[in-house]
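Shown below: query37.cif, with mmCIF, C-alpha atoms.
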```cif
data_my_file
loop_
_atom_site.label_atom_id
_atom_site.label_comp_id
_atom_site.auth_asym_id
_atom_site.auth_seq_id
_atom_site.Cartn_x
_atom_site.Cartn_y
_atom_site.Cartn_z
CA MET A 211 -26.76 202.33 58.82
CA LYS A 212 -27.32 202.61 62.56
CA ALA A 213 -24.46 201.54 64.81
CA TYR A 214 -23.28 201.98 68.37
CA GLU A 215 -19.94 203.69 68.90
CA ILE A 216 -17.66 204.34 71.85
CA GLN A 217 -17.16 208.07 71.48
CA GLY A 218 -14.69 210.45 73.09
CA GLU A 219 -13.47 208.26 75.96
CA LEU A 220 -13.38 204.58 76.86
CA ARG A 221 -16.34 204.53 79.24
CA LEU A 222 -19.76 202.92 79.13
CA ASP A 223 -21.48 206.30 79.29
CA GLN A 224 -19.69 207.16 76.04
CA VAL A 225 -21.46 204.42 74.06
CA ALA A 226 -24.04 206.03 71.78
CA LEU A 227 -26.24 205.21 68.79
CA THR A 228 -25.09 206.94 65.62
CA GLU A 229 -25.19 206.78 61.83
CA ARG A 230 -22.30 205.31 59.84
CA PRO A 231 -21.88 204.46 56.15
CA THR A 232 -22.94 200.91 55.33
CA PRO A 233 -19.71 198.99 54.58
CA VAL A 234 -19.07 197.72 51.07
CA PRO A 235 -17.57 194.22 50.71
CA GLY A 236 -14.32 193.72 48.83
CA PRO A 237 -13.67 190.88 46.37
CA ASN A 238 -13.27 188.20 49.09
CA GLN A 239 -15.68 189.73 51.58
CA VAL A 240 -19.28 189.27 52.67
CA LEU A 241 -21.75 191.92 53.86
CA VAL A 242 -23.95 190.63 56.68
CA ARG A 243 -27.21 192.13 57.90
CA ILE A 244 -26.88 191.68 61.67
CA ARG A 245 -29.93 190.13 63.35
CA ALA A 246 -28.70 189.56 66.91
CA VAL A 247 -25.66 190.37 69.05
CA SER A 248 -24.70 188.59 72.26
CA LEU A 249 -22.63 190.22 74.97
CA ASN A 250 -19.51 189.01 76.76
CA ALA A 251 -17.60 190.29 79.78
CA ARG A 252 -14.81 191.15 77.35
CA ASP A 253 -17.07 193.73 75.70
CA LEU A 254 -17.24 195.68 78.95
CA GLY A 255 -13.47 195.39 79.27
CA VAL A 256 -13.00 196.85 75.80
CA ILE A 257 -15.46 199.68 76.46
CA GLY A 258 -13.76 200.46 79.78
CA GLY A 259 -10.24 200.51 78.33
CA PHE A 260 -9.06 197.39 80.17
CA TYR A 261 -7.81 195.54 77.08
CA ALA A 262 -6.70 198.38 74.81
CA PRO A 263 -6.43 201.74 76.57
CA ASP A 264 -5.28 203.35 73.31
CA LEU A 265 -8.13 201.97 71.18
CA PRO A 266 -8.82 204.46 68.35
CA LEU A 267 -12.20 206.16 68.75
CA PRO A 268 -14.95 206.19 67.64
CA PHE A 269 -15.20 202.39 67.73
CA VAL A 270 -18.02 199.87 67.27
CA PRO A 271 -17.93 197.34 70.16
CA ALA A 272 -19.11 193.72 70.68
CA SER A 273 -17.62 190.63 69.06
CA ASP A 274 -20.52 188.16 68.75
CA GLY A 275 -23.29 188.43 66.20
CA VAL A 276 -25.36 186.47 63.72
CA GLY A 277 -27.00 187.66 60.54
CA GLU A 278 -27.92 187.10 56.93
CA VAL A 279 -25.62 187.43 53.94
CA VAL A 280 -26.95 190.29 51.79
CA GLU A 281 -24.01 190.96 49.45
CA THR A 282 -20.86 189.12 48.41
CA GLY A 283 -17.66 190.11 46.66
CA ASP A 284 -17.03 188.72 43.18
CA ARG A 285 -14.45 186.18 44.44
CA VAL A 286 -16.53 184.78 47.30
CA SER A 287 -17.24 181.05 47.03
CA ARG A 288 -18.03 179.87 50.58
CA PHE A 289 -21.37 181.66 51.06
CA ARG A 290 -24.40 182.76 49.08
CA ILE A 291 -26.90 185.57 49.61
CA GLY A 292 -29.55 184.56 52.13
CA GLU A 293 -27.38 182.23 54.22
CA ARG A 294 -27.29 182.80 57.98
CA VAL A 295 -23.78 183.18 59.33
CA SER A 296 -21.70 184.21 62.30
CA GLY A 297 -18.21 185.68 62.49
CA ILE A 298 -15.48 183.74 64.25
CA PHE A 299 -13.84 185.63 67.12
CA ALA A 300 -10.25 185.48 65.83
CA GLN A 301 -10.78 186.07 62.13
CA GLN A 302 -7.46 184.51 61.10
CA TRP A 303 -7.53 181.45 63.36
CA LEU A 304 -8.97 178.86 61.02
CA SER A 305 -7.44 175.66 62.42
CA GLY A 306 -4.49 174.24 64.36
CA GLU A 307 -2.67 175.98 67.18
CA PRO A 308 -3.00 179.75 67.67
CA LEU A 309 -0.26 182.04 66.40
CA PRO A 310 0.71 185.46 67.83
CA ALA A 311 -0.65 187.24 64.74
CA TYR A 312 -4.15 185.90 65.40
CA SER A 313 -4.55 188.18 68.43
CA SER A 314 -4.65 191.16 66.08
CA SER A 315 -7.60 189.67 64.17
CA THR A 316 -10.20 189.50 66.96
CA LEU A 317 -13.60 191.11 66.51
CA GLY A 318 -14.68 193.83 68.93
CA SER A 319 -11.02 194.92 69.44
CA PRO A 320 -8.80 195.50 67.67
CA LEU A 321 -11.09 194.81 64.68
CA PRO A 322 -14.43 196.67 64.68
CA GLY A 323 -17.30 194.91 66.41
CA VAL A 324 -20.80 193.97 65.34
CA LEU A 325 -23.12 196.21 67.37
CA ALA A 326 -24.51 197.65 64.16
CA GLU A 327 -27.10 196.94 61.47
CA TYR A 328 -24.44 195.69 59.03
CA ALA A 329 -20.91 194.29 59.24
CA VAL A 330 -18.43 193.13 56.62
CA PHE A 331 -16.23 190.02 56.99
CA ASP A 332 -13.66 188.13 54.98
CA GLU A 333 -15.43 184.96 53.83
CA ASP A 334 -12.88 182.79 55.70
CA GLY A 335 -13.90 184.48 58.96
CA LEU A 336 -17.49 183.22 58.84
CA VAL A 337 -19.32 179.99 59.65
CA ALA A 338 -22.85 178.88 58.86
CA VAL A 339 -24.95 178.47 62.00
CA PRO A 340 -27.38 175.61 62.81
CA ALA A 341 -30.76 176.18 61.20
CA TYR A 342 -32.80 175.09 64.25
CA LEU A 343 -31.44 177.85 66.48
CA SER A 344 -33.13 181.25 66.75
CA ASP A 345 -31.07 184.34 65.92
CA ALA A 346 -30.61 185.05 69.63
CA GLU A 347 -29.46 181.50 70.32
CA ALA A 348 -27.07 181.46 67.36
CA ALA A 349 -25.59 184.79 68.43
CA ALA A 350 -24.54 183.18 71.72
CA LEU A 351 -22.13 180.78 70.02
CA PRO A 352 -18.97 182.60 68.79
CA CYS A 353 -17.20 183.33 72.09
CA ALA A 354 -19.06 181.59 74.91
CA GLY A 355 -19.94 178.44 73.00
CA VAL A 356 -16.59 177.99 71.27
CA THR A 357 -14.64 178.73 74.48
CA ALA A 358 -16.56 176.05 76.35
CA TRP A 359 -16.22 173.58 73.46
CA HIS A 360 -12.46 174.23 73.28
CA ALA A 361 -12.06 173.63 77.02
CA ILE A 362 -14.40 170.68 77.48
CA VAL A 363 -14.07 168.83 74.17
CA SER A 364 -11.14 169.94 71.98
CA GLU A 365 -8.57 170.20 74.80
CA GLY A 366 -10.30 168.58 77.76
CA ALA A 367 -11.50 165.44 75.95
CA VAL A 368 -14.13 165.00 78.67
CA LYS A 369 -15.66 161.54 78.60
CA ALA A 370 -18.45 159.62 80.27
CA GLY A 371 -17.90 159.23 84.00
CA ASP A 372 -15.56 162.22 84.37
CA THR A 373 -16.32 164.83 87.03
CA VAL A 374 -16.24 168.42 85.80
CA VAL A 375 -16.41 171.52 88.00
CA VAL A 376 -17.85 174.65 86.36
CA GLN A 377 -17.55 178.04 88.03
CA GLY A 378 -20.55 180.33 87.80
CA THR A 379 -23.62 180.46 85.58
CA GLY A 380 -22.66 182.87 82.80
CA GLY A 381 -22.59 181.99 79.13
CA VAL A 382 -19.31 180.03 79.03
CA SER A 383 -20.15 178.15 82.24
CA LEU A 384 -23.58 177.01 81.08
CA PHE A 385 -22.25 175.93 77.70
CA ALA A 386 -19.54 173.97 79.55
CA LEU A 387 -22.21 172.35 81.72
CA GLN A 388 -24.23 171.38 78.65
CA PHE A 389 -21.24 170.06 76.68
CA ALA A 390 -19.94 168.07 79.65
CA LYS A 391 -23.36 166.46 80.14
CA LEU A 392 -23.55 165.79 76.40
CA HIS A 393 -20.39 163.68 76.85
CA GLY A 394 -21.70 161.83 79.91
CA ALA A 395 -19.82 163.66 82.66
CA VAL A 396 -20.88 164.41 86.24
CA VAL A 397 -21.03 168.20 86.62
CA ILE A 398 -20.58 170.27 89.77
CA VAL A 399 -21.47 173.98 89.53
CA THR A 400 -20.33 176.72 91.91
CA SER A 401 -22.24 179.97 92.43
CA SER A 402 -22.97 182.55 95.11
CA SER A 403 -26.71 182.17 94.48
CA ASP A 404 -28.82 179.22 95.60
CA ALA A 405 -31.47 180.21 93.06
CA LYS A 406 -28.95 180.02 90.23
CA LEU A 407 -27.68 176.69 91.51
CA GLU A 408 -31.23 175.35 91.41
CA ARG A 409 -31.56 176.50 87.81
CA ALA A 410 -28.21 174.90 86.93
CA ILE A 411 -29.38 171.59 88.43
CA ALA A 412 -32.60 171.85 86.43
CA LEU A 413 -30.40 172.30 83.34
CA GLY A 414 -28.56 169.06 84.13
CA ALA A 415 -25.92 169.79 86.78
CA ASP A 416 -25.54 166.99 89.32
CA TYR A 417 -24.50 169.06 92.32
CA GLY A 418 -24.23 172.72 93.32
CA ILE A 419 -21.88 174.47 95.75
CA ASN A 420 -22.58 177.95 97.11
CA TYR A 421 -19.09 179.39 97.48
CA ARG A 422 -20.29 182.16 99.81
CA ASP A 423 -21.55 179.55 102.24
CA GLN A 424 -18.50 177.35 101.56
CA PRO A 425 -15.57 179.63 100.62
CA ASP A 426 -13.24 176.62 100.79
CA TRP A 427 -15.37 174.98 98.09
CA SER A 428 -12.61 172.64 96.96
CA GLN A 429 -13.26 170.61 100.10
CA ALA A 430 -16.87 170.14 99.03
CA VAL A 431 -15.63 168.90 95.64
CA LEU A 432 -13.28 166.43 97.34
CA ALA A 433 -16.08 165.23 99.60
CA ARG A 434 -18.39 164.79 96.63
CA THR A 435 -15.75 162.75 94.78
CA ASP A 436 -14.77 160.58 97.80
CA GLY A 437 -11.46 162.41 98.14
CA ARG A 438 -10.33 161.85 94.55
CA GLY A 439 -10.99 165.33 93.17
CA ALA A 440 -12.48 166.46 89.89
CA ASP A 441 -11.07 165.36 86.56
CA HIS A 442 -11.47 168.83 85.10
CA VAL A 443 -12.08 172.28 86.60
CA LEU A 444 -13.17 175.19 84.43
CA ASP A 445 -11.72 178.27 86.14
CA LEU A 446 -13.36 181.59 85.28
CA GLY A 447 -12.51 183.57 88.40
CA GLY A 448 -8.78 183.82 87.86
CA ALA A 449 -6.87 185.40 90.72
CA SER A 450 -9.26 184.54 93.56
CA THR A 451 -10.24 181.05 92.41
CA LEU A 452 -7.14 179.44 90.90
CA ASN A 453 -5.82 177.95 94.14
CA GLN A 454 -9.24 176.49 94.94
CA SER A 455 -9.34 174.99 91.45
CA ILE A 456 -5.90 173.45 91.98
CA ALA A 457 -7.02 172.01 95.32
CA ALA A 458 -10.24 170.62 93.80
CA VAL A 459 -8.70 168.77 90.84
CA ARG A 460 -7.48 165.19 91.04
CA PHE A 461 -3.91 163.96 90.61
CA GLY A 462 -3.22 164.16 86.87
CA GLY A 463 -6.31 166.31 86.31
CA ARG A 464 -6.80 169.45 84.27
CA VAL A 465 -7.58 173.06 85.17
CA SER A 466 -8.73 175.12 82.18
CA VAL A 467 -8.14 178.82 82.84
CA VAL A 468 -10.84 180.65 80.90
CA GLY A 469 -11.55 183.89 82.74
CA ILE A 470 -10.02 186.64 84.84
CA LEU A 471 -13.17 187.92 86.53
CA SER A 472 -11.37 188.54 89.83
CA GLY A 473 -8.13 189.88 88.37
CA MET A 474 -5.16 189.05 86.19
CA GLN A 475 -2.50 188.50 88.85
CA ALA A 476 -2.85 185.37 90.99
CA ASN A 477 -0.56 185.76 94.01
CA ALA A 478 0.88 182.83 95.97
CA VAL A 479 -0.19 180.16 93.48
CA HIS A 480 0.23 176.68 94.96
CA LEU A 481 3.09 175.57 92.72
CA ILE A 482 3.92 172.57 94.89
CA ALA A 483 0.38 171.26 94.48
CA ILE A 484 0.63 171.69 90.70
CA ILE A 485 3.87 169.72 90.64
CA GLN A 486 2.94 167.06 93.18
CA LYS A 487 -0.44 166.39 91.60
CA LYS A 488 0.92 166.61 88.02
CA ILE A 489 -1.85 169.02 87.13
CA ARG A 490 -2.27 170.25 83.57
CA LEU A 491 -2.92 173.99 83.71
CA GLN A 492 -4.38 174.95 80.35
CA GLY A 493 -5.11 178.44 79.08
CA ILE A 494 -8.17 178.71 76.82
CA ASN A 495 -8.72 181.66 74.49
CA VAL A 496 -11.97 181.09 72.54
CA GLY A 497 -10.99 178.85 69.58
CA SER A 498 -10.58 178.31 65.85
CA ARG A 499 -13.05 178.15 62.98
CA GLU A 500 -12.49 174.40 62.89
CA MET A 501 -13.63 174.14 66.54
CA PHE A 502 -16.65 176.35 65.82
CA GLU A 503 -17.72 174.11 62.95
CA ALA A 504 -17.21 170.93 65.00
CA MET A 505 -19.32 172.41 67.79
CA ASN A 506 -22.06 173.33 65.31
CA ARG A 507 -22.20 169.74 64.06
CA ALA A 508 -22.59 168.50 67.63
CA LEU A 509 -25.31 171.06 68.29
CA ALA A 510 -27.23 170.05 65.18
CA ALA A 511 -26.97 166.37 66.09
CA SER A 512 -28.05 166.86 69.72
CA GLY A 513 -30.54 169.71 69.42
CA LEU A 514 -28.88 171.44 72.39
CA LYS A 515 -30.20 174.94 73.04
CA PRO A 516 -28.05 177.81 74.36
CA VAL A 517 -29.39 179.43 77.54
CA ILE A 518 -30.59 183.00 76.94
CA ASP A 519 -31.12 185.10 80.05
CA ARG A 520 -32.71 188.14 78.42
CA GLU A 521 -33.17 189.83 75.06
CA PHE A 522 -32.97 193.61 74.63
CA PRO A 523 -34.09 195.54 71.53
CA PHE A 524 -31.38 197.34 69.56
CA GLU A 525 -32.39 200.75 70.86
CA GLN A 526 -31.75 199.52 74.42
CA ALA A 527 -28.23 198.20 73.77
CA VAL A 528 -26.65 200.40 76.45
CA ASP A 529 -29.20 199.10 78.97
CA ALA A 530 -28.15 195.58 77.99
CA LEU A 531 -24.51 196.45 78.69
CA ARG A 532 -25.44 197.91 82.06
CA TYR A 533 -27.41 194.75 82.84
CA LEU A 534 -24.33 192.68 81.98
CA GLU A 535 -22.28 194.91 84.28
CA LYS A 536 -24.52 193.99 87.24
CA GLY A 537 -23.60 190.31 86.87
CA ALA A 538 -27.04 188.98 87.78
CA HIS A 539 -27.64 187.12 84.51
CA PHE A 540 -28.02 183.36 84.03
CA GLY A 541 -26.76 182.53 80.55
CA LYS A 542 -26.39 184.95 77.67
CA ILE A 543 -27.63 188.50 77.20
CA VAL A 544 -28.67 189.24 73.62
CA ILE A 545 -29.47 192.40 71.67
CA THR A 546 -31.91 191.89 68.79
CA VAL A 547 -31.50 194.06 65.71
CA PRO A 548 -34.75 194.90 63.85
#
```
Translate this structure into C-alpha cells?
Amino acid sequence: MKAYEIQGELRLDQVALTERPTPVPGPNQVLVRIRAVSLNARDLGVIGGFYAPDLPLPFVPASDGVGEVVETGDRVSRFRIGERVSGIFAQQWLSGEPLPAYSSSTLGSPLPGVLAEYAVFDEDGLVAVPAYLSDAEAAALPCAGVTAWHAIVSEGAVKAGDTVVVQGTGGVSLFALQFAKLHGAVVIVTSSSDAKLERAIALGADYGINYRDQPDWSQAVLARTDGRGADHVLDLGGASTLNQSIAAVRFGGRVSVVGILSGMQANAVHLIAIIQKKIRLQGINVGSREMFEAMNRALAASGLKPVIDREFPFEQAVDALRYLEKGAHFGKIVITVP
C-alpha cells in the first residue's frame, strides 16, 4: 500500500510517499480502506518533534481518518465489511474519565497514524460515522469535532441563552460555534481577520471581535454582555490568550483550555481573578468513544455539516500540511485518498 512516512528526521521536509506492507488484522481487529484524512495542528507538532522528540522513525503521521471496513478478524462483532467508520483519537478511552494509560493509545503518535491507503484498528477503537456526511466531512470529526463537543456539551453543558466566546476559525473553533448555536447560545468569535469574522457570522456567530484591532478583546466581550462577561470561553491560544479569557468570563463561568497555539507556558496568570470570580478552568483533551457516538447522534438529528476549507488529493498531502502550517484556513483541511 501507499503511505506517507516521516523519514530520517522529525521535519516536514522529511515526509515522503512510500510503499509499506498492507496491515493484516488480528482476531479482534478491523482493516479499513482509508478514504479521507483531516489535518490538525497536532499533526504538525508530531512531524516537527514537538510532542515526541524521540518518536521512532519511519512513522506514519495524522490521527484523523474515515474509511470503509474491508476485512475483519474472526472475533470481531461490532462491524461488518462495507461499513464506514472512523478511529477514535485515544483508542483505549471508551467512556468515563481519562486515565494516564490512555495517552499512550492516541493515533498519530505514539500509535501509527492514518495517512495511508489502509490502517488497522482494534474494533473497540472505531465508531460508525453519520451516513449523510461526505468522506471529507466525516474525516473532520475525530479530533476537532469531539474536542468541541467535549468542551461545549459534555463538560460545558451550554444551554439556550448562554454566551460563548470562541477563539479563531479553525476546525475546533467552528465546531464549537456550531454546537453552541445548536444548543441556543449566543456566540462571539475572535479572529485577526475581518473576512474570517464575516464568514463566521454567516455560519451563525452573533458577533465578531478582531483581536488585532482590539488586543484587549475581553473588554469588547464585557461591553457586549453589559458587563456580565461570557458564560463560557473556549481558549485555543494558550499562553498569550489565557488572561484575556479569564478577564472575559463571568463570575462562576468556565474557561475551557483546548489549545496551546501561542505556547505551553502562561506566565503571570491572573490567579486572583480566577479565585475572586470562582472561575472553572477546564482542560479538554479530545474525548472518549462515548462522546464521539453522542456527537454523531446529534449530528444525524440536526443535519449539521462540518466546515471544510480545502481538499487536497493524496499525492499532494505534503502541500496540504504546508497549507495548514500557514494558518490561513477556515475550517478543516482534508486529504482525499483515491
Which residues, written as a PyMOL selection string, have at least one atom at most 9 Å from stretch 275-283 of chain A, with all atoms listed in the file counted and residues fewer than 2 positions away on the same chain left out?
-> chain A and resi 234-249+272-273+285-287+289-297+323-325+328+333+339+345-346+348-352
Starting from the PyMOL selection byres ((chain A and resi 522-538) around 12), expand the selection into actual residues of this file and give them as a CSV table (one decimal) with C-alpha atoms, in the frame of the given file.
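Generated output (selection_4.csv):
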```
chain,number,residue,atom,x,y,z
A,212,LYS,CA,-27.3,202.6,62.6
A,213,ALA,CA,-24.5,201.5,64.8
A,214,TYR,CA,-23.3,202.0,68.4
A,215,GLU,CA,-19.9,203.7,68.9
A,216,ILE,CA,-17.7,204.3,71.8
A,221,ARG,CA,-16.3,204.5,79.2
A,222,LEU,CA,-19.8,202.9,79.1
A,223,ASP,CA,-21.5,206.3,79.3
A,224,GLN,CA,-19.7,207.2,76.0
A,225,VAL,CA,-21.5,204.4,74.1
A,226,ALA,CA,-24.0,206.0,71.8
A,227,LEU,CA,-26.2,205.2,68.8
A,228,THR,CA,-25.1,206.9,65.6
A,244,ILE,CA,-26.9,191.7,61.7
A,245,ARG,CA,-29.9,190.1,63.4
A,246,ALA,CA,-28.7,189.6,66.9
A,247,VAL,CA,-25.7,190.4,69.0
A,248,SER,CA,-24.7,188.6,72.3
A,249,LEU,CA,-22.6,190.2,75.0
A,250,ASN,CA,-19.5,189.0,76.8
A,251,ALA,CA,-17.6,190.3,79.8
A,252,ARG,CA,-14.8,191.2,77.4
A,253,ASP,CA,-17.1,193.7,75.7
A,254,LEU,CA,-17.2,195.7,79.0
A,255,GLY,CA,-13.5,195.4,79.3
A,256,VAL,CA,-13.0,196.8,75.8
A,257,ILE,CA,-15.5,199.7,76.5
A,258,GLY,CA,-13.8,200.5,79.8
A,271,PRO,CA,-17.9,197.3,70.2
A,272,ALA,CA,-19.1,193.7,70.7
A,324,VAL,CA,-20.8,194.0,65.3
A,325,LEU,CA,-23.1,196.2,67.4
A,326,ALA,CA,-24.5,197.6,64.2
A,327,GLU,CA,-27.1,196.9,61.5
A,346,ALA,CA,-30.6,185.0,69.6
A,378,GLY,CA,-20.6,180.3,87.8
A,379,THR,CA,-23.6,180.5,85.6
A,380,GLY,CA,-22.7,182.9,82.8
A,381,GLY,CA,-22.6,182.0,79.1
A,401,SER,CA,-22.2,180.0,92.4
A,402,SER,CA,-23.0,182.6,95.1
A,403,SER,CA,-26.7,182.2,94.5
A,405,ALA,CA,-31.5,180.2,93.1
A,406,LYS,CA,-29.0,180.0,90.2
A,471,LEU,CA,-13.2,187.9,86.5
A,518,ILE,CA,-30.6,183.0,76.9
A,519,ASP,CA,-31.1,185.1,80.0
A,520,ARG,CA,-32.7,188.1,78.4
A,521,GLU,CA,-33.2,189.8,75.1
A,539,HIS,CA,-27.6,187.1,84.5
A,540,PHE,CA,-28.0,183.4,84.0
A,541,GLY,CA,-26.8,182.5,80.6
A,542,LYS,CA,-26.4,185.0,77.7
A,543,ILE,CA,-27.6,188.5,77.2
A,544,VAL,CA,-28.7,189.2,73.6
A,545,ILE,CA,-29.5,192.4,71.7
A,546,THR,CA,-31.9,191.9,68.8
A,547,VAL,CA,-31.5,194.1,65.7
A,548,PRO,CA,-34.8,194.9,63.8
```
Nearest candidate to A:Phe331 (options A:Leu407, A:Ala300, A:Val443, A:Ala354; using only C-alpha atoms) |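 Counting only C-alpha atoms, the residue closest to A:Phe331 is A:Ala300.
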A:Val468: which residues within 9 Å, counting only C-alpha atoms, same-chain residues fewer than 2 positions away excluded, as a short mmCIF file (atom, residue, chain, number, x, y, z; two decimals) with C-alpha atoms, in the coordinates of the input?
```cif
data_model
loop_
_atom_site.label_atom_id
_atom_site.label_comp_id
_atom_site.auth_asym_id
_atom_site.auth_seq_id
_atom_site.Cartn_x
_atom_site.Cartn_y
_atom_site.Cartn_z
CA THR A 357 -14.64 178.73 74.48
CA ALA A 358 -16.56 176.05 76.35
CA ALA A 361 -12.06 173.63 77.02
CA VAL A 382 -19.31 180.03 79.03
CA LEU A 444 -13.17 175.19 84.43
CA ASP A 445 -11.72 178.27 86.14
CA LEU A 446 -13.36 181.59 85.28
CA GLY A 447 -12.51 183.57 88.40
CA GLY A 448 -8.78 183.82 87.86
CA SER A 466 -8.73 175.12 82.18
CA ILE A 470 -10.02 186.64 84.84
CA GLN A 492 -4.38 174.95 80.35
CA GLY A 493 -5.11 178.44 79.08
CA ILE A 494 -8.17 178.71 76.82
CA ASN A 495 -8.72 181.66 74.49
CA VAL A 496 -11.97 181.09 72.54
#
```
Hey, can you check how far atom CA of A:Trp359 sits from atom CA of A:Ile456?
->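 Going from atom CA of A:Trp359 over to atom CA of A:Ile456, I get 21.2 Å.
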Step by step: start from the point (-14.3, 168.9, 80.2) in the file's coordinates, keep every protein, DNA or RNA residue that has an atom no farther than 12 Å from it, count only C-alpha atoms, and write the set as a PyMOL selection string.
-> chain A and resi 357-376+383+385-398+440-445+463-467+492
For the structure shown, which residues end up in the PyMOL selection byres ((chain A and resi 420) around 6)? Put them as an MDAnalysis selection string, please?
-> chainID A and resid 400:402 419 421:423
Å distance separating atom CA of A:Lys487 from atom CA of A:Tyr417, one decimal place = 24.2 Å
If you measure from atom CA of A:Ala412 to atom CA of A:Ser512, what distance in Å do you get, rounded to one decimal?
->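 Spanning atom CA of A:Ala412 to atom CA of A:Ser512 is a straight-line distance of 18.0 Å.
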Where is the centre and how long are the edges: axis-aligned box on stretch 286-297 of chain A, 8 Å on each side, Å to one decimal, as AutoDock Vina command-line options:
```
--center_x -23.0 --center_y 182.8 --center_z 54.8 --size_x 29.0 --size_y 21.8 --size_z 31.5
```
Which residue of A:Glu500, A:Ala511, A:Pro516, A:Arg230 approaches A:Gly306 most closely, using only C-alpha atoms | A:Glu500
Point (-10.0, 175.0, 62.6), cut-off 12 Å, counting all atoms listed in the file, residues as a PyMOL selection string | chain A and resi 298+300-308+334-337+356+360+364+496-505
Could you tell me which of A:Phe299, A:Gln377, A:Ser450, A:Thr435 comes closest to A:Gly418 if we count all atoms listed in the file?
->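 Of the candidates, the smallest distance to A:Gly418 is held by A:Gln377.
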Which is closest to A:Glu347 among A:Leu514, A:Ala433, A:Leu413, A:Ile485, if we use all atoms listed in the file?
->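 So, comparing all the options, the nearest one is A:Leu514.
Residue nearest A:Gly462, chosen from A:Val431, A:Ile484, A:Ile411, A:Val399 and counting all atoms listed in the file: A:Ile484.
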